[in-house]
$ cat final-v2.txt   # compact mmCIF, C-alpha atoms and all ligand atoms
# COMPACT_ATOMS: atom_id res chain seq x y z
CA MET W 1 112.80 -11.31 14.89
CA LYS W 2 109.50 -9.49 15.38
CA PHE W 3 106.30 -11.52 15.25
CA ASP W 4 105.41 -10.81 11.61
CA THR W 5 108.92 -11.76 10.50
CA SER W 6 108.86 -14.99 12.53
CA CYS W 7 105.65 -16.01 10.77
CA LEU W 8 107.69 -16.14 7.55
CA HIS W 9 111.13 -17.23 8.72
CA ALA W 10 110.92 -19.12 12.02
CA GLY W 11 111.52 -22.86 12.03
CA TYR W 12 113.28 -23.13 8.67
CA ARG W 13 116.41 -21.39 7.37
CA PRO W 14 117.53 -22.80 4.03
CA GLY W 15 121.25 -23.23 3.50
CA ASN W 16 123.12 -22.39 0.33
CA GLY W 17 121.19 -23.65 -2.70
CA GLU W 18 118.46 -25.26 -0.60
CA PRO W 19 114.70 -24.89 -1.24
CA ARG W 20 113.27 -21.49 -0.28
CA ASN W 21 110.03 -23.10 0.99
CA ILE W 22 109.87 -25.71 3.76
CA PRO W 23 110.34 -28.94 1.76
CA ILE W 24 107.63 -31.60 1.88
CA ILE W 25 109.46 -34.70 3.07
CA GLN W 26 106.87 -37.19 1.87
CA SER W 27 108.63 -40.25 3.22
CA THR W 28 107.54 -42.68 5.91
CA THR W 29 111.06 -43.85 6.67
CA PHE W 30 114.65 -42.64 6.83
CA ARG W 31 117.73 -44.65 5.87
CA TYR W 32 120.71 -45.48 8.14
CA GLU W 33 124.15 -46.99 7.48
CA THR W 34 124.13 -49.37 10.46
CA SER W 35 121.62 -50.91 12.84
CA GLU W 36 123.62 -49.37 15.65
CA ASP W 37 123.01 -45.85 14.28
CA MET W 38 119.30 -46.57 14.24
CA GLY W 39 119.37 -48.24 17.64
CA LYS W 40 120.62 -45.02 19.23
CA LEU W 41 117.51 -43.26 17.93
CA PHE W 42 115.26 -45.91 19.44
CA ASP W 43 116.98 -45.44 22.79
CA LEU W 44 116.62 -41.62 22.50
CA GLN W 45 120.42 -41.37 22.76
CA ALA W 46 120.68 -39.52 19.46
CA SER W 47 118.17 -37.26 17.74
CA GLY W 48 117.16 -37.96 14.17
CA TYR W 49 114.32 -39.24 12.06
CA PHE W 50 113.43 -42.87 11.57
CA TYR W 51 109.68 -43.13 11.08
CA THR W 52 107.14 -40.40 10.27
CA ARG W 53 104.61 -41.69 12.83
CA LEU W 54 106.94 -40.20 15.47
CA GLN W 55 108.64 -37.32 13.71
CA ASN W 56 109.00 -35.84 10.25
CA PRO W 57 111.24 -32.92 9.18
CA THR W 58 108.40 -30.98 7.49
CA SER W 59 106.14 -31.25 10.53
CA ASP W 60 109.01 -30.41 12.89
CA ALA W 61 109.94 -27.25 10.96
CA VAL W 62 106.34 -26.04 11.12
CA ALA W 63 106.08 -26.98 14.81
CA ALA W 64 109.25 -24.99 15.47
CA ARG W 65 107.69 -21.98 13.71
CA LEU W 66 104.56 -22.18 15.88
CA CYS W 67 106.73 -22.69 18.97
CA GLU W 68 108.49 -19.40 18.27
CA LEU W 69 105.20 -17.58 17.55
CA GLU W 70 103.79 -18.70 20.92
CA GLY W 71 107.05 -18.05 22.76
CA GLY W 72 107.40 -21.68 23.84
CA SER W 73 110.24 -24.08 24.58
CA ALA W 74 109.04 -27.07 22.48
CA ALA W 75 106.12 -27.93 20.20
CA MET W 76 104.60 -30.75 18.17
CA LEU W 77 102.01 -31.07 15.42
CA LEU W 78 99.20 -33.62 15.45
CA SER W 79 96.64 -34.84 12.94
CA SER W 80 93.75 -32.81 14.46
CA GLY W 81 92.81 -30.36 17.16
CA GLN W 82 90.95 -33.17 18.90
CA ALA W 83 94.18 -35.18 19.08
CA ALA W 84 95.97 -32.11 20.48
CA SER W 85 93.38 -31.65 23.24
CA PHE W 86 93.50 -35.35 24.10
CA PHE W 87 97.31 -35.68 24.11
CA SER W 88 97.79 -32.45 26.06
CA VAL W 89 95.80 -33.82 29.00
CA PHE W 90 96.54 -37.54 28.68
CA ASN W 91 100.28 -36.79 28.74
CA ILE W 92 99.96 -35.84 32.43
CA ALA W 93 96.72 -37.48 33.62
CA SER W 94 95.73 -41.14 33.65
CA ALA W 95 93.04 -43.41 35.10
CA GLY W 96 92.17 -42.28 38.62
CA ASP W 97 93.17 -38.65 37.98
CA HIS W 98 91.04 -35.52 37.78
CA VAL W 99 91.07 -32.35 35.66
CA VAL W 100 89.34 -28.99 36.12
CA SER W 101 88.02 -27.46 32.89
CA SER W 102 86.16 -24.32 31.97
CA ALA W 103 82.60 -25.28 31.01
CA THR W 104 82.66 -23.01 27.97
CA ILE W 105 84.82 -25.03 25.60
CA TYR W 106 84.41 -26.36 22.08
CA GLY W 107 81.66 -29.04 21.91
CA GLY W 108 84.09 -31.64 20.57
CA THR W 109 86.45 -31.03 23.48
CA TYR W 110 83.55 -31.28 25.92
CA ASN W 111 82.57 -34.70 24.50
CA LEU W 112 86.20 -35.84 24.57
CA PHE W 113 86.50 -34.90 28.26
CA ALA W 114 83.02 -35.71 29.58
CA VAL W 115 82.42 -38.96 27.67
CA THR W 116 85.51 -40.54 26.10
CA MET W 117 88.21 -39.63 28.63
CA LYS W 118 85.75 -40.31 31.43
CA ARG W 119 85.53 -43.87 30.05
CA MET W 120 89.31 -44.02 30.41
CA GLY W 121 88.94 -43.27 34.11
CA ILE W 122 89.79 -39.54 34.11
CA ASP W 123 87.22 -37.34 35.88
CA PHE W 124 86.51 -33.76 34.83
CA THR W 125 84.89 -30.97 36.82
CA PHE W 126 83.47 -28.21 34.62
CA VAL W 127 83.46 -24.74 36.13
CA ASP W 128 81.84 -21.47 35.11
CA PRO W 129 84.78 -19.49 33.65
CA ASP W 130 83.45 -16.35 35.37
CA CYS W 131 83.52 -17.97 38.82
CA SER W 132 85.45 -16.47 41.73
CA GLU W 133 88.90 -17.79 42.71
CA GLU W 134 87.27 -19.43 45.74
CA GLU W 135 84.76 -21.25 43.55
CA LEU W 136 87.53 -22.33 41.21
CA GLN W 137 89.61 -23.56 44.17
CA ALA W 138 86.63 -25.62 45.38
CA ALA W 139 86.76 -27.68 42.16
CA PHE W 140 90.23 -29.06 42.99
CA ARG W 141 90.88 -32.50 44.46
CA PRO W 142 94.09 -34.14 45.69
CA ASN W 143 94.29 -36.05 42.37
CA THR W 144 93.78 -32.99 40.11
CA LYS W 145 96.51 -32.91 37.42
CA ALA W 146 95.63 -30.00 35.13
CA VAL W 147 93.33 -27.06 34.40
CA PHE W 148 91.94 -26.48 30.90
CA GLY W 149 90.26 -23.53 29.16
CA GLU W 150 89.92 -21.69 25.82
CA THR W 151 91.26 -18.16 25.26
CA ILE W 152 88.09 -17.31 23.32
CA ALA W 153 85.55 -20.09 23.59
CA ASN W 154 84.03 -21.63 20.45
CA PRO W 155 81.14 -20.84 19.95
CA SER W 156 80.15 -18.91 23.10
CA LEU W 157 82.86 -16.20 22.60
CA VAL W 158 83.58 -16.18 26.34
CA VAL W 159 87.05 -14.71 27.05
CA LEU W 160 88.98 -16.71 29.65
CA ASP W 161 90.52 -14.81 32.58
CA ILE W 162 93.84 -16.58 32.00
CA GLU W 163 95.62 -14.97 34.98
CA LYS W 164 92.89 -16.08 37.38
CA PHE W 165 92.97 -19.66 36.07
CA ALA W 166 96.79 -19.74 36.09
CA ARG W 167 96.98 -18.42 39.67
CA VAL W 168 94.65 -21.07 41.06
CA ALA W 169 96.23 -23.86 38.97
CA HIS W 170 99.71 -22.96 40.22
CA LYS W 171 98.53 -22.66 43.82
CA ASN W 172 97.51 -26.31 43.48
CA GLY W 173 100.76 -27.37 41.80
CA VAL W 174 99.30 -28.15 38.36
CA PRO W 175 99.70 -26.56 34.90
CA LEU W 176 97.13 -24.48 33.01
CA ILE W 177 96.47 -25.71 29.45
CA VAL W 178 94.90 -23.11 27.14
CA ASP W 179 93.34 -23.83 23.73
CA ASN W 180 94.42 -20.72 21.79
CA THR W 181 92.68 -21.67 18.53
CA PHE W 182 90.36 -18.66 18.13
CA ALA W 183 92.79 -15.95 19.26
CA THR W 184 95.93 -17.38 17.60
CA PRO W 185 99.37 -16.12 18.68
CA ALA W 186 98.72 -13.06 16.49
CA ASN W 187 96.19 -11.81 19.06
CA CYS W 188 97.11 -13.48 22.35
CA HIS W 189 100.16 -15.08 23.94
CA PRO W 190 98.67 -17.11 26.80
CA PHE W 191 102.17 -17.86 28.18
CA GLU W 192 102.59 -14.15 29.03
CA PHE W 193 99.59 -14.45 31.36
CA GLY W 194 100.72 -17.62 33.12
CA ALA W 195 99.41 -20.44 30.92
CA ASP W 196 101.88 -23.35 30.84
CA ILE W 197 100.78 -25.27 27.75
CA VAL W 198 98.96 -24.07 24.64
CA THR W 199 96.96 -26.23 22.23
CA HIS W 200 95.57 -25.45 18.79
CA SER W 201 93.19 -26.74 16.24
CA THR W 202 95.44 -25.56 13.40
CA THR W 203 92.49 -26.38 11.12
CA LYS W 204 91.20 -22.89 11.88
CA TYR W 205 93.04 -19.55 11.55
CA LEU W 206 96.60 -20.92 11.62
CA ASP W 207 96.00 -22.84 8.38
CA GLY W 208 93.42 -20.23 7.45
CA HIS W 209 92.26 -21.61 4.12
CA ALA W 210 90.22 -24.68 5.08
CA ASN W 211 92.96 -26.84 3.55
CA ALA W 212 93.87 -29.38 6.21
CA VAL W 213 92.66 -30.66 9.58
CA GLY W 214 95.46 -30.45 12.14
CA GLY W 215 96.45 -29.76 15.73
CA ALA W 216 99.40 -28.57 17.78
CA ILE W 217 100.70 -28.52 21.35
CA VAL W 218 103.24 -25.96 22.59
CA ASP W 219 104.98 -26.08 25.97
CA SER W 220 106.11 -22.85 27.63
CA GLY W 221 108.85 -24.66 29.54
CA ASN W 222 107.76 -22.69 32.62
CA PHE W 223 106.11 -25.43 34.64
CA ASN W 224 108.42 -27.06 37.16
CA TRP W 225 107.44 -30.76 36.98
CA GLU W 226 110.13 -31.83 39.42
CA ALA W 227 108.83 -29.43 42.09
CA HIS W 228 105.58 -31.44 41.94
CA ALA W 229 107.18 -34.78 41.12
CA ASP W 230 104.63 -36.79 43.09
CA LYS W 231 101.83 -35.54 40.83
CA PHE W 232 103.64 -36.21 37.55
CA PRO W 233 105.40 -39.58 37.83
CA GLY W 234 105.17 -40.04 34.04
CA LEU W 235 107.63 -37.17 33.61
CA THR W 236 109.77 -37.58 36.71
CA THR W 237 110.22 -41.36 37.14
CA PRO W 238 111.78 -43.94 34.76
CA ASP W 239 109.97 -44.91 31.54
CA GLU W 240 110.65 -48.64 31.16
CA SER W 241 109.80 -48.49 27.45
CA TYR W 242 112.99 -46.41 27.05
CA HIS W 243 115.28 -48.41 29.37
CA GLY W 244 114.41 -46.37 32.44
CA LEU W 245 114.90 -42.89 30.97
CA VAL W 246 113.49 -40.02 33.08
CA TYR W 247 112.09 -37.26 30.84
CA THR W 248 112.76 -34.31 33.14
CA GLN W 249 116.36 -35.43 33.66
CA ALA W 250 117.09 -36.26 30.01
CA PHE W 251 115.29 -33.32 28.36
CA GLY W 252 115.01 -30.67 31.07
CA GLN W 253 112.05 -28.60 32.16
CA GLY W 254 111.58 -27.14 28.67
CA GLY W 255 111.74 -30.41 26.74
CA ALA W 256 110.32 -33.14 28.98
CA TYR W 257 106.60 -32.67 28.33
CA ILE W 258 106.73 -32.50 24.52
CA THR W 259 109.36 -35.25 24.22
CA LYS W 260 107.23 -37.62 26.29
CA CYS W 261 104.16 -36.68 24.27
CA VAL W 262 105.97 -37.51 21.00
CA VAL W 263 107.99 -40.57 21.90
CA GLN W 264 105.33 -42.19 24.05
CA LEU W 265 101.83 -41.00 23.05
CA MET W 266 102.51 -40.40 19.36
CA ARG W 267 104.43 -43.69 19.18
CA ASP W 268 101.50 -45.58 20.71
CA LEU W 269 98.47 -43.65 19.44
CA GLY W 270 99.73 -42.42 16.07
CA ALA W 271 97.74 -39.20 15.53
CA THR W 272 100.39 -38.09 13.05
CA PRO W 273 99.94 -35.20 10.61
CA ALA W 274 100.67 -35.85 6.93
CA PRO W 275 103.79 -33.94 5.81
CA MET W 276 101.73 -32.33 3.04
CA ASN W 277 99.26 -30.99 5.62
CA SER W 278 102.09 -29.65 7.77
CA TYR W 279 103.45 -27.87 4.69
CA LEU W 280 100.05 -26.26 4.03
CA LEU W 281 99.91 -25.17 7.68
CA GLY W 282 103.36 -23.59 7.48
CA MET W 283 102.28 -21.75 4.34
CA GLY W 284 99.10 -20.49 6.01
CA MET W 285 101.04 -19.20 9.01
CA GLU W 286 103.11 -16.93 6.76
CA THR W 287 100.11 -14.61 6.30
CA LEU W 288 98.59 -15.05 9.79
CA PRO W 289 99.08 -11.44 11.00
CA LEU W 290 97.63 -9.96 7.81
CA ARG W 291 94.66 -12.29 7.83
CA MET W 292 93.89 -11.89 11.54
CA ALA W 293 93.90 -8.10 11.27
CA LYS W 294 91.45 -8.28 8.34
CA HIS W 295 89.25 -10.93 10.02
CA CYS W 296 89.00 -8.72 13.11
CA ALA W 297 88.35 -5.48 11.21
CA ASN W 298 85.64 -7.14 9.11
CA ALA W 299 84.03 -8.82 12.12
CA GLN W 300 84.01 -5.50 14.00
CA GLY W 301 82.33 -3.86 10.98
CA ILE W 302 79.70 -6.59 10.65
CA ALA W 303 79.05 -6.63 14.42
CA GLU W 304 78.51 -2.86 14.45
CA TYR W 305 76.27 -3.07 11.38
CA LEU W 306 74.17 -5.85 12.95
CA SER W 307 73.90 -3.99 16.28
CA ASN W 308 72.14 -1.15 14.49
CA HIS W 309 69.79 -3.33 12.41
CA GLU W 310 66.10 -3.32 13.35
CA LYS W 311 65.64 -7.01 12.45
CA VAL W 312 68.47 -8.15 14.72
CA GLU W 313 67.55 -9.09 18.29
CA TRP W 314 71.06 -9.33 19.79
CA VAL W 315 74.75 -9.40 18.77
CA ARG W 316 77.76 -10.90 20.58
CA TYR W 317 81.26 -9.86 19.60
CA VAL W 318 84.19 -9.36 21.98
CA GLY W 319 85.07 -6.07 20.25
CA LEU W 320 81.68 -4.41 20.92
CA PRO W 321 81.93 -2.04 23.92
CA GLY W 322 78.63 -3.41 25.30
CA ASP W 323 79.77 -7.04 25.12
CA PRO W 324 79.99 -8.90 28.47
CA TYR W 325 83.59 -9.89 27.58
CA TYR W 326 84.71 -6.51 26.24
CA ALA W 327 86.78 -5.71 29.36
CA LEU W 328 88.55 -9.09 29.42
CA GLY W 329 89.05 -8.70 25.68
CA GLN W 330 90.77 -5.34 26.22
CA LYS W 331 93.11 -7.00 28.70
CA TYR W 332 93.97 -10.22 26.90
CA LEU W 333 93.23 -9.33 23.26
CA PRO W 334 94.08 -5.64 22.85
CA HIS W 335 94.79 -5.98 19.11
CA GLY W 336 91.55 -7.81 18.28
CA SER W 337 89.85 -11.08 19.19
CA CYS W 338 88.84 -13.19 16.20
CA GLY W 339 86.51 -13.13 13.21
CA VAL W 340 83.57 -14.91 14.82
CA VAL W 341 80.37 -12.98 15.57
CA SER W 342 77.14 -14.49 16.84
CA PHE W 343 73.72 -12.89 16.64
CA GLY W 344 70.00 -13.57 16.70
CA VAL W 345 67.45 -12.48 14.10
CA LYS W 346 64.06 -11.33 15.44
CA GLY W 347 61.53 -14.10 14.87
CA GLY W 348 63.51 -16.98 16.34
CA ARG W 349 64.33 -20.26 14.65
CA ALA W 350 62.11 -19.72 11.57
CA ALA W 351 63.53 -16.26 10.88
CA ALA W 352 67.08 -17.59 11.27
CA GLU W 353 66.42 -20.34 8.73
CA LYS W 354 64.97 -17.79 6.28
CA PHE W 355 68.00 -15.54 6.75
CA MET W 356 70.38 -18.44 6.10
CA ALA W 357 68.55 -19.46 2.92
CA GLY W 358 68.80 -15.90 1.60
CA LEU W 359 72.61 -15.63 1.84
CA LYS W 360 74.46 -15.71 -1.46
CA LEU W 361 78.13 -14.96 -0.72
CA CYS W 362 78.47 -16.36 2.82
CA SER W 363 78.69 -20.16 2.68
CA ILE W 364 76.70 -22.40 4.99
CA ALA W 365 79.38 -24.62 6.52
CA THR W 366 80.21 -26.16 9.89
CA HIS W 367 83.67 -24.64 9.58
CA VAL W 368 84.94 -21.44 11.21
CA ALA W 369 88.06 -19.34 10.77
CA ASP W 370 88.31 -19.74 7.01
CA ALA W 371 89.50 -16.91 4.76
CA LYS W 372 86.06 -17.22 3.14
CA THR W 373 83.05 -16.18 5.23
CA CYS W 374 81.02 -19.09 6.56
CA VAL W 375 77.85 -19.18 8.56
CA LEU W 376 76.01 -21.75 10.64
CA HIS W 377 72.61 -21.95 12.30
CA PRO W 378 73.21 -24.64 14.94
CA ALA W 379 69.48 -25.13 15.72
CA SER W 380 68.77 -26.34 12.18
CA SER W 381 72.08 -28.18 11.60
CA THR W 382 74.61 -29.33 14.20
CA HIS W 383 72.07 -29.20 17.08
CA ARG W 384 68.89 -30.05 15.12
CA GLN W 385 68.00 -33.05 17.29
CA MET W 386 67.39 -30.67 20.24
CA ASN W 387 64.13 -28.85 20.99
CA ASP W 388 64.12 -25.16 22.00
CA GLU W 389 64.40 -25.89 25.74
CA GLU W 390 67.34 -28.27 25.23
CA LEU W 391 69.06 -25.71 23.01
CA VAL W 392 68.81 -23.00 25.68
CA ALA W 393 70.22 -25.44 28.27
CA ALA W 394 73.15 -26.11 25.92
CA GLY W 395 73.82 -22.37 25.64
CA VAL W 396 72.70 -22.23 22.00
CA SER W 397 69.54 -20.16 21.57
CA PRO W 398 67.21 -21.28 18.73
CA ASP W 399 67.82 -18.01 16.88
CA LEU W 400 71.66 -18.08 17.22
CA ILE W 401 73.58 -17.61 13.99
CA ARG W 402 77.35 -18.04 14.07
CA LEU W 403 79.05 -15.93 11.44
CA SER W 404 82.73 -16.62 10.83
CA VAL W 405 83.72 -13.46 9.03
CA GLY W 406 86.32 -13.93 6.29
CA ILE W 407 88.71 -11.55 4.61
CA GLU W 408 86.53 -10.49 1.68
CA ASP W 409 85.79 -6.80 1.15
CA LEU W 410 83.59 -5.70 4.06
CA SER W 411 81.08 -3.92 1.82
CA ASP W 412 80.39 -7.15 -0.11
CA LEU W 413 79.76 -9.01 3.16
CA ILE W 414 77.46 -6.31 4.51
CA ALA W 415 75.57 -6.23 1.19
CA ASP W 416 75.00 -10.01 1.41
CA VAL W 417 73.84 -9.85 5.03
CA GLU W 418 71.63 -6.85 4.20
CA GLN W 419 69.84 -8.55 1.30
CA ALA W 420 69.34 -11.73 3.35
CA LEU W 421 67.90 -9.73 6.27
CA ALA W 422 65.59 -7.90 3.84
CA GLY W 423 64.08 -11.27 2.91
CA VAL W 424 63.25 -12.18 6.53
C1 LIG I 501 87.73 -27.00 15.93
C2 LIG I 501 88.21 -26.88 17.30
C3 LIG I 501 88.82 -27.96 17.96
C4 LIG I 501 88.93 -29.34 17.33
O1 LIG I 501 89.83 -29.28 16.27
P1 LIG I 501 89.79 -30.24 14.99
O2 LIG I 501 90.95 -29.76 14.21
O3 LIG I 501 88.46 -30.05 14.32
O4 LIG I 501 89.96 -31.65 15.48
C5 LIG I 501 89.32 -27.76 19.23
N1 LIG I 501 89.21 -26.56 19.84
C6 LIG I 501 88.62 -25.51 19.24
C7 LIG I 501 88.53 -24.21 19.96
C8 LIG I 501 88.10 -25.63 17.95
O5 LIG I 501 87.51 -24.57 17.37

$ encode --input "final-v2.txt" --output "structure tokens"
Amino acid sequence: MKFDTSCLHAGYRPGNGEPRNIPIIQSTTFRYETSEDMGKLFDLQASGYFYTRLQNPTSDAVAARLCELEGGSAAMLLSSGQAASFFSVFNIASAGDHVVSSATIYGGTYNLFAVTMKRMGIDFTFVDPDCSEEELQAAFRPNTKAVFGETIANPSLVVLDIEKFARVAHKNGVPLIVDNTFATPANCHPFEFGADIVTHSTTKYLDGHANAVGGAIVDSGNFNWEAHADKFPGLTTPDESYHGLVYTQAFGQGGAYITKCVVQLMRDLGATPAPMNSYLLGMGMETLPLRMAKHCANAQGIAEYLSNHEKVEWVRYVGLPGDPYYALGQKYLPHGSCGVVSFGVKGGRAAAEKFMAGLKLCSIATHVADAKTCVLHPASSTHRQMNDEELVAAGVSPDLIRLSVGIEDLSDLIADVEQALAGV
């Protein structure tokens, strides 16, 4: 199946007389005839459902759809993007280990890595994503277990040089994990450029309608854990909580990582998606290619309009030929990047606040990647505790406005932006 067809049909094929849509299996538990039948599931000797904290048929069908869209070998859904980022790293790194991450990542991921996971004993080194291969290499230590980055960083709109990161990661015998939230598999397949594991906040474009918070992890099946067995004992040596089972032996190179993540981390940490939310995600994914094309066309139109406006100081959008990430965008995102544009209104923080107050159609919201256009001025909302100097240090200029362009008619969006700029 081609990509657009998979968005509708992958992961669930109803049999004769069965529901056309992925059914919502709203049940915590699953019934068995004998304790022995259930015991086999607990020992991972048979596959099947027993408790929704570990696995649920609705969530698994949607995970299988996303797995096919990314071109992976196995996938799982989680209750949030934060849980996906955490599980993806914690599945292969523990206390005493080290991870290299791009410095331009989502703020929530940065906190997770730099504060919370640091408290768990995992050290992170943050590197400039535009660094040379030598500089990237210098960040590695003997105990480094993974490299992390975002295809298109939220909110800085930096495009990751995935091939460069993958090359250096593999030279050091560790996988590259890429958060593909902003690009989505409609616009980028990180596995084709050497990424080994992909994560998502499905809350964003994959769901697409601001319906449900969720996350996902997809494994490419390309990373050879056994070739670096000393680095990944959790995958290559016996798990006593499953009677000494070895994940790479029992589930192979394509299944070991996700199986361990489900039967060990999900079992113990329980960041489980609700079946209803998984259903909504599967529904959203059906229209992903149509929505992404419209998001990108609208964002390109708005970015070009803003670039030519006398009251606008600067505009950042990957699709603008003058953008610092235009060239990397052409390589990794030839069909479009995402719907997020950032810009500054002349007059700094005060002018930005006036512009925001004047908007009528675009909603002020912390969300991005919704079908409906939303807009945020970090300096007066999410980052309001910071003064101008602190904002600049955090990479958020006081005048920065983040516009997440929706799929409305472009002329209505431009009219709204135009009337709000007229009031500044
Ligand atoms: C929103 C976001 C996350 C966190 O996802 P939640 O679903 O909000 O937990 C992670 N990465 C990126 C790039 C995001 O935009």

$ atom_distance --input "final-v2.txt" --atom1 "atom CA of Val159 of chain W" --atom2 "atom CA of Val405 of chain W"
18.4 Å

$ closest_atom_pairs --input "final-v2.txt" --of "chain W" --to "ligand LIG 501 (chain I)" --cutoff "6 Å" --atoms "all atoms listed in the file" --output "JSON lines"
{"residue": "W:Ser80", "atom": "CA", "partner": "I:LIG501", "partner_atom": "O4", "distance": 4.1}
{"residue": "W:Gly81", "atom": "CA", "partner": "I:LIG501", "partner_atom": "O1", "distance": 3.3}
{"residue": "W:Gln82", "atom": "CA", "partner": "I:LIG501", "partner_atom": "O4", "distance": 3.9}
{"residue": "W:Tyr106", "atom": "CA", "partner": "I:LIG501", "partner_atom": "C7", "distance": 5.1}
{"residue": "W:Asn154", "atom": "CA", "partner": "I:LIG501", "partner_atom": "C7", "distance": 5.2}
{"residue": "W:Thr181", "atom": "CA", "partner": "I:LIG501", "partner_atom": "C7", "distance": 5.1}
{"residue": "W:Ser201", "atom": "CA", "partner": "I:LIG501", "partner_atom": "O1", "distance": 4.2}
{"residue": "W:Thr203", "atom": "CA", "partner": "I:LIG501", "partner_atom": "O2", "distance": 4.8}
{"residue": "W:Val213", "atom": "CA", "partner": "I:LIG501", "partner_atom": "O2", "distance": 5.0}
{"residue": "W:Gly214", "atom": "CA", "partner": "I:LIG501", "partner_atom": "O2", "distance": 5.0}
{"residue": "W:Gly215", "atom": "CA", "partner": "I:LIG501", "partner_atom": "O2", "distance": 5.7}

$ residues_around --input "final-v2.txt" --residues "Ala103 of chain W" --least-positions-apart "6" --cutoff "9 Å" --atoms "all atoms listed in the file" --output "JSON, numbers by chain"
{"W": [110, 125, 126, 127, 128, 129, 149]}

$ residues_around --input "final-v2.txt" --residues "Pro289 of chain W" --least-positions-apart "3" --cutoff "10 Å" --atoms "all atoms listed in the file" --output "PyMOL selection string"
chain W and resi 3-5+7+184-187+206+285-286+292-295

$ closest_residue --input "final-v2.txt" --among "W:Arg167, W:Arg13, W:Arg119, W:Arg141" --to "Asp196 of chain W" --atoms "only C-alpha atoms"
W:Arg167

$ closest_residue --input "final-v2.txt" --among "W:Pro142, W:Gly322, W:Gly406, W:Pro378" --to "Val340 of chain W" --atoms "only C-alpha atoms"
W:Gly406

$ residues_around --input "final-v2.txt" --residues "segment 236-252 of chain W" --least-positions-apart "3" --cutoff "9 Å" --atoms "all atoms listed in the file" --output "ChimeraX atom specification"
/W:42-44,221,225-226,229-230,232-233,255-257,259-260,264
